[in-house]
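Take a look at the structure below.
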Amino acid sequence: MIKTGIEAMSFYTPHRYISLATLAEKHGIDPEKFSRGIGQEKIALPGHDEDIVTMAAEAARPLIDRYGTEGIDTVLFATETGIDQSKAAGIYVHRLLGLPANCRNVELKQACYSATPALQLACSYVARRPDRKVLVIASDVARYDRESSGEATQGAGAVAMLISADPKLLEIGAVSGLFSEDIMDFWRPNHRRTPLFDGKFSTLRYLNALIEAWRDYGENGGKAYEDFARFCYHLPFSRMGEKAHRHLAKSAKASLDMEMALPGMLYNRVVGNSYTASIYLALISTLENSEDDLTGKSIGLFSYGSGATGEFFDATVVSGYQEHLFTQHHQAILEDRVPVSYEDYVELWGAPVAKDGEELTFEVEARGRYRLAGINDHKRIYVDTRA
Ligand code: HMG
């Protein structure tokens, strides 16, 4: 059987953040509630000239620079922060990256989950066409109402993955455990910029979906709990991953070893929720922050999107994977960031919206190569500053 999976993956997050200690001080909350109770330290904040498209292009750029565009004939863009009801955000990215014109392009949505079906569809496709590659991108801005319980769990980021029949990082297993149910735990109607949600209920449904998907995974011939060296979870906040891991270990009647999940939480703690990108940020964090050699080891992944769908699947780490990581690049992105004051956070939070075709021009805030220069006549104007 043809092996398919992730040839390479890279992430991007904006260069500004608000520390949760700042938020706690402003709201008179014990900072330990955020650092320990929620398990988060920072919230990544895009500038007005950054969005899902610019973050996606930044995330994918290193993959294109190292592996080229040859063979890429499909872009699957997963997001729940859509910028247009019709046009796929990936089409802008396709141009910014200079991808071949003979390429298909589509956007996928199911809350935080949609990068996972994108990955699965891509693996099936390259099994049929091993000479082709698929660029899967997950990009989101998690923005909740200020002073709501979700405020501390905001964030922003993108992950790009090159899927091929030559997986240099991770081979994706064929067995999945699936679970869907129609619930209102978190949703965002078209007229709203921020989601509506039932926070506590959502955490309980997440845990239920995990157990249901895990059970289905087992019934379909999946691996046993003991076969896994690491677990990665969708991380709306890192404490959710701890709860998930405890829940899964208990359900599998296995002894709890939190070290199996902790390396995957390091990047997410300082980025915040990046919705569709979150579990794949956790996967990058696992590969880049595990001290031992993971060659040949299995990683269990649980992807969750409110509304709700959950999927449990597995990946096997490929020999030589270390040579295909972007660890230094990623650590530089995280280390070179700057904190903002509460007042600046409030300003960034209220990103301007162009109404009725008015012209908006954005100041240069993005530090990356790609930016949203403005919006005019209902059209978003993206620029490559090196072109
Ligand atoms: P909350 O009301 O702010 O917090 O809601 P809390 O009072 O429940 O406290 C949180 C934890 O901090 C508790 O621990 C407290 O005990 C602890 P737990 O009971 O959970 O073990 N705590 C402290 N710890 C140390 N020192 C202290 C202290 N004080 C309290 N001083 C909630 C928390 C997660 C509900 C909220 O942040 C929220 O609504 N978030 C948004 C929704 C969300 O993230 N849901 C997650 C599951 S759904 C999902 O993952 C999908 C999603 O990503 C969207 C999508 O799919 O598109 C959200």
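Simple scheme: letters A, B, ... for chains in structure tokens order, numbers from 1 for residues in each chain, numbers from 1 for ligands in the order shown.
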
Contacts with ligand 1 at most 7 Å, only C-alpha atoms and all ligand atoms counted, listed as a VMD selection string: chain A and resid 30 to 34 36 to 38 80 111 to 113 149 to 153 185 to 186 197 to 200 202 to 203 206 234 to 237 240 273 275 304 to 306

DSSP alpha helix (DSSP H) residues within stretch 57-279 of chain A, listed as a ChimeraX atom specification: /A:57-67,89-97,115-128,199-219,238-251,266-271,278-279

Stretch 325-334 of chain A surroundings by only C-alpha atoms, 12 Å radius, close-in-sequence under 6 positions cut, as number ranges by chain: A: 6-17, 42-44, 58-63, 65-66, 157-161, 168-170, 266-271, 281, 283-290, 318, 367-368

Long-range neighbours of A:Pro195 as a ChimeraX atom specification, 10 Å cut-off, only C-alpha atoms, 5 positions minimum in chain: /A:142-145,150,186-190

Could the residues in this selection be saved with all heavy atoms as a PDB file, in the first residue's frame?
ATOM      1  N   ALA A 142      -9.025  33.509  16.592  1.00  0.00           N
ATOM      2  CA  ALA A 142     -10.018  33.199  17.633  1.00  0.00           C
ATOM      3  C   ALA A 142     -10.275  34.461  18.430  1.00  0.00           C
ATOM      4  O   ALA A 142      -9.428  34.900  19.210  1.00  0.00           O
ATOM      5  CB  ALA A 142      -9.496  32.088  18.543  1.00  0.00           C
ATOM      6  N   ARG A 143     -11.431  35.058  18.184  1.00  0.00           N
ATOM      7  CA  ARG A 143     -11.762  36.317  18.855  1.00  0.00           C
ATOM      8  C   ARG A 143     -13.122  36.159  19.530  1.00  0.00           C
ATOM      9  O   ARG A 143     -14.109  35.849  18.878  1.00  0.00           O
ATOM     10  CB  ARG A 143     -11.805  37.443  17.813  1.00  0.00           C
ATOM     11  CG  ARG A 143     -11.761  38.829  18.412  1.00  0.00           C
ATOM     12  CD  ARG A 143     -11.794  39.907  17.346  1.00  0.00           C
ATOM     13  NE  ARG A 143     -10.489  40.292  16.871  1.00  0.00           N
ATOM     14  CZ  ARG A 143     -10.152  40.370  15.582  1.00  0.00           C
ATOM     15  NH1 ARG A 143     -11.035  40.067  14.653  1.00  0.00           N
ATOM     16  NH2 ARG A 143      -8.955  40.754  15.218  1.00  0.00           N
ATOM     17  N   TYR A 144     -13.128  36.344  20.847  1.00  0.00           N
ATOM     18  CA  TYR A 144     -14.370  36.260  21.631  1.00  0.00           C
ATOM     19  C   TYR A 144     -14.743  37.660  22.111  1.00  0.00           C
ATOM     20  O   TYR A 144     -13.895  38.561  22.133  1.00  0.00           O
ATOM     21  CB  TYR A 144     -14.165  35.381  22.865  1.00  0.00           C
ATOM     22  CG  TYR A 144     -14.015  33.899  22.584  1.00  0.00           C
ATOM     23  CD1 TYR A 144     -12.798  33.354  22.193  1.00  0.00           C
ATOM     24  CD2 TYR A 144     -15.095  33.035  22.744  1.00  0.00           C
ATOM     25  CE1 TYR A 144     -12.660  31.999  21.958  1.00  0.00           C
ATOM     26  CE2 TYR A 144     -14.966  31.674  22.518  1.00  0.00           C
ATOM     27  CZ  TYR A 144     -13.746  31.155  22.127  1.00  0.00           C
ATOM     28  OH  TYR A 144     -13.619  29.814  21.895  1.00  0.00           O
ATOM     29  N   ASP A 145     -15.998  37.824  22.535  1.00  0.00           N
ATOM     30  CA  ASP A 145     -16.392  39.108  23.138  1.00  0.00           C
ATOM     31  C   ASP A 145     -15.475  39.416  24.313  1.00  0.00           C
ATOM     32  O   ASP A 145     -15.161  38.520  25.119  1.00  0.00           O
ATOM     33  CB  ASP A 145     -17.847  39.048  23.625  1.00  0.00           C
ATOM     34  CG  ASP A 145     -18.829  39.164  22.468  1.00  0.00           C
ATOM     35  OD1 ASP A 145     -18.419  39.625  21.381  1.00  0.00           O
ATOM     36  OD2 ASP A 145     -19.996  38.781  22.649  1.00  0.00           O
ATOM     37  N   GLY A 150     -14.816  33.499  27.399  1.00  0.00           N
ATOM     38  CA  GLY A 150     -13.919  33.003  26.352  1.00  0.00           C
ATOM     39  C   GLY A 150     -12.737  33.927  26.082  1.00  0.00           C
ATOM     40  O   GLY A 150     -11.798  33.549  25.377  1.00  0.00           O
ATOM     41  N   PHE A 186     -20.960  25.989  20.565  1.00  0.00           N
ATOM     42  CA  PHE A 186     -20.166  27.115  20.072  1.00  0.00           C
ATOM     43  C   PHE A 186     -20.550  27.282  18.615  1.00  0.00           C
ATOM     44  O   PHE A 186     -20.527  26.315  17.856  1.00  0.00           O
ATOM     45  CB  PHE A 186     -18.675  26.748  20.221  1.00  0.00           C
ATOM     46  CG  PHE A 186     -17.699  27.705  19.584  1.00  0.00           C
ATOM     47  CD1 PHE A 186     -16.900  28.533  20.360  1.00  0.00           C
ATOM     48  CD2 PHE A 186     -17.544  27.751  18.206  1.00  0.00           C
ATOM     49  CE1 PHE A 186     -15.981  29.397  19.775  1.00  0.00           C
ATOM     50  CE2 PHE A 186     -16.647  28.609  17.611  1.00  0.00           C
ATOM     51  CZ  PHE A 186     -15.850  29.437  18.399  1.00  0.00           C
ATOM     52  N   TRP A 187     -20.930  28.497  18.223  1.00  0.00           N
ATOM     53  CA  TRP A 187     -21.315  28.731  16.830  1.00  0.00           C
ATOM     54  C   TRP A 187     -21.204  30.218  16.546  1.00  0.00           C
ATOM     55  O   TRP A 187     -21.137  31.038  17.464  1.00  0.00           O
ATOM     56  CB  TRP A 187     -22.735  28.197  16.567  1.00  0.00           C
ATOM     57  CG  TRP A 187     -23.850  28.934  17.240  1.00  0.00           C
ATOM     58  CD1 TRP A 187     -24.758  29.771  16.671  1.00  0.00           C
ATOM     59  CD2 TRP A 187     -24.215  28.882  18.645  1.00  0.00           C
ATOM     60  NE1 TRP A 187     -25.652  30.250  17.602  1.00  0.00           N
ATOM     61  CE2 TRP A 187     -25.341  29.728  18.823  1.00  0.00           C
ATOM     62  CE3 TRP A 187     -23.708  28.215  19.757  1.00  0.00           C
ATOM     63  CZ2 TRP A 187     -25.955  29.918  20.056  1.00  0.00           C
ATOM     64  CZ3 TRP A 187     -24.311  28.413  20.992  1.00  0.00           C
ATOM     65  CH2 TRP A 187     -25.416  29.247  21.135  1.00  0.00           C
ATOM     66  N   ARG A 188     -21.142  30.564  15.268  1.00  0.00           N
ATOM     67  CA  ARG A 188     -21.060  31.998  14.928  1.00  0.00           C
ATOM     68  C   ARG A 188     -21.959  32.279  13.740  1.00  0.00           C
ATOM     69  O   ARG A 188     -21.596  32.026  12.596  1.00  0.00           O
ATOM     70  CB  ARG A 188     -19.604  32.392  14.601  1.00  0.00           C
ATOM     71  CG  ARG A 188     -19.474  33.894  14.312  1.00  0.00           C
ATOM     72  CD  ARG A 188     -18.040  34.344  14.350  1.00  0.00           C
ATOM     73  NE  ARG A 188     -17.247  33.887  13.235  1.00  0.00           N
ATOM     74  CZ  ARG A 188     -17.181  34.482  12.051  1.00  0.00           C
ATOM     75  NH1 ARG A 188     -17.906  35.568  11.809  1.00  0.00           N
ATOM     76  NH2 ARG A 188     -16.412  34.003  11.099  1.00  0.00           N
ATOM     77  N   PRO A 189     -23.183  32.799  13.998  1.00  0.00           N
ATOM     78  CA  PRO A 189     -24.092  33.118  12.894  1.00  0.00           C
ATOM     79  C   PRO A 189     -23.459  34.167  11.969  1.00  0.00           C
ATOM     80  O   PRO A 189     -22.596  34.939  12.401  1.00  0.00           O
ATOM     81  CB  PRO A 189     -25.320  33.715  13.605  1.00  0.00           C
ATOM     82  CG  PRO A 189     -25.182  33.361  15.049  1.00  0.00           C
ATOM     83  CD  PRO A 189     -23.730  33.157  15.310  1.00  0.00           C
ATOM     84  N   ASN A 190     -23.912  34.214  10.732  1.00  0.00           N
ATOM     85  CA  ASN A 190     -23.287  35.082   9.724  1.00  0.00           C
ATOM     86  C   ASN A 190     -23.229  36.556  10.118  1.00  0.00           C
ATOM     87  O   ASN A 190     -22.337  37.269   9.696  1.00  0.00           O
ATOM     88  CB  ASN A 190     -24.039  34.964   8.393  1.00  0.00           C
ATOM     89  CG  ASN A 190     -23.754  33.650   7.718  1.00  0.00           C
ATOM     90  OD1 ASN A 190     -22.804  32.951   8.077  1.00  0.00           O
ATOM     91  ND2 ASN A 190     -24.569  33.288   6.747  1.00  0.00           N
TER      92      ASN A 190
END

Å distance separating atom CA of A:Met1 from atom CA of A:Pro100, one decimal place: 28.6 Å

Long-range neighbours of A:Val93 as JSON, numbers by chain, 8 Å cut-off, only C-alpha atoms, 4 positions minimum in chain: {"A": [53, 54, 56, 57, 89, 97]}

Atom pair atom CA of A:Gly374 / atom CA of A:Glu358: separation (Å):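 If I compute the distance from atom CA of A:Gly374 to atom CA of A:Glu358, I get 10.4 Å.
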
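For the atom pair formed by atom CA of A:Ser139 and atom CA of A:His191, the distance is 20.6 Å, given to one decimal.
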
Test item, strand (DSSP E or B) assignment across stretch 49-171 of chain A, answer as a PyMOL selection string: chain A and resi 72-78+104-108+110+112+133-142+155-164+170-171

Polymer residues at most 7 Å from A:Tyr233, only C-alpha atoms, same-chain spacing of 3 or more positions, as a list in words: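 So, after excluding close chain neighbours, the residues are Gly241, Ile279, Leu301, Phe302 and Ser303 of chain A.
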
Could you turn the residues from that selection into a file that holds all heavy atoms, as an mmCIF file, in the first residue's frame?
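Output (again.cif):
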data_model
loop_
_atom_site.group_PDB
_atom_site.id
_atom_site.type_symbol
_atom_site.label_atom_id
_atom_site.label_comp_id
_atom_site.auth_asym_id
_atom_site.auth_seq_id
_atom_site.Cartn_x
_atom_site.Cartn_y
_atom_site.Cartn_z
ATOM 1 N N GLY A 241 -6.494 20.106 27.023
ATOM 2 C CA GLY A 241 -5.712 18.936 26.596
ATOM 3 C C GLY A 241 -5.362 18.045 27.773
ATOM 4 O O GLY A 241 -5.376 16.809 27.655
ATOM 5 N N ILE A 279 -4.759 21.904 16.618
ATOM 6 C CA ILE A 279 -4.239 20.537 16.813
ATOM 7 C C ILE A 279 -2.950 20.322 16.010
ATOM 8 O O ILE A 279 -2.046 19.598 16.435
ATOM 9 C CB ILE A 279 -5.298 19.461 16.476
ATOM 10 C CG1 ILE A 279 -4.716 18.072 16.802
ATOM 11 C CG2 ILE A 279 -5.816 19.571 15.071
ATOM 12 C CD1 ILE A 279 -5.643 16.932 16.544
ATOM 13 N N LEU A 301 -4.036 11.360 17.653
ATOM 14 C CA LEU A 301 -4.531 12.736 17.491
ATOM 15 C C LEU A 301 -6.043 12.786 17.650
ATOM 16 O O LEU A 301 -6.758 11.983 17.040
ATOM 17 C CB LEU A 301 -4.157 13.279 16.107
ATOM 18 C CG LEU A 301 -2.658 13.424 15.856
ATOM 19 C CD1 LEU A 301 -2.215 12.460 14.772
ATOM 20 C CD2 LEU A 301 -2.310 14.844 15.466
ATOM 21 N N PHE A 302 -6.508 13.762 18.454
ATOM 22 C CA PHE A 302 -7.950 13.978 18.560
ATOM 23 C C PHE A 302 -8.294 15.394 18.103
ATOM 24 O O PHE A 302 -7.856 16.376 18.680
ATOM 25 C CB PHE A 302 -8.464 13.777 19.989
ATOM 26 C CG PHE A 302 -9.927 14.107 20.110
ATOM 27 C CD1 PHE A 302 -10.878 13.368 19.397
ATOM 28 C CD2 PHE A 302 -10.366 15.166 20.887
ATOM 29 C CE1 PHE A 302 -12.238 13.688 19.468
ATOM 30 C CE2 PHE A 302 -11.721 15.491 20.969
ATOM 31 C CZ PHE A 302 -12.650 14.743 20.255
ATOM 32 N N SER A 303 -9.067 15.429 17.014
ATOM 33 C CA SER A 303 -9.489 16.696 16.415
ATOM 34 C C SER A 303 -10.947 16.930 16.787
ATOM 35 O O SER A 303 -11.775 16.018 16.658
ATOM 36 C CB SER A 303 -9.319 16.571 14.897
ATOM 37 O OG SER A 303 -9.746 17.727 14.241
#

Neighbour list for A:Thr4 as a list in words, cut-off 10 Å, only C-alpha atoms, skip fewer than 6 positions in-chain: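 Residues meeting the cut-off are Gln120, Ala122, Cys123, Ser124, Tyr125, Val126, Ala127, Pro130, Ile163, Ser164, Ala165, Asp166, Pro167, Lys168, Leu170, Glu171, Ile172, Gly173 and Ala174 of chain A.
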
Counting only C-alpha atoms, the residue of A:Thr316, A:Thr22, A:Gln85, A:Ser114 that sits nearest A:Thr295: A:Thr316

Pick from A:Ile29, A:Ile375, A:Met184, A:Leu348 nearest to A:Thr361, counting only C-alpha atoms: A:Ile375
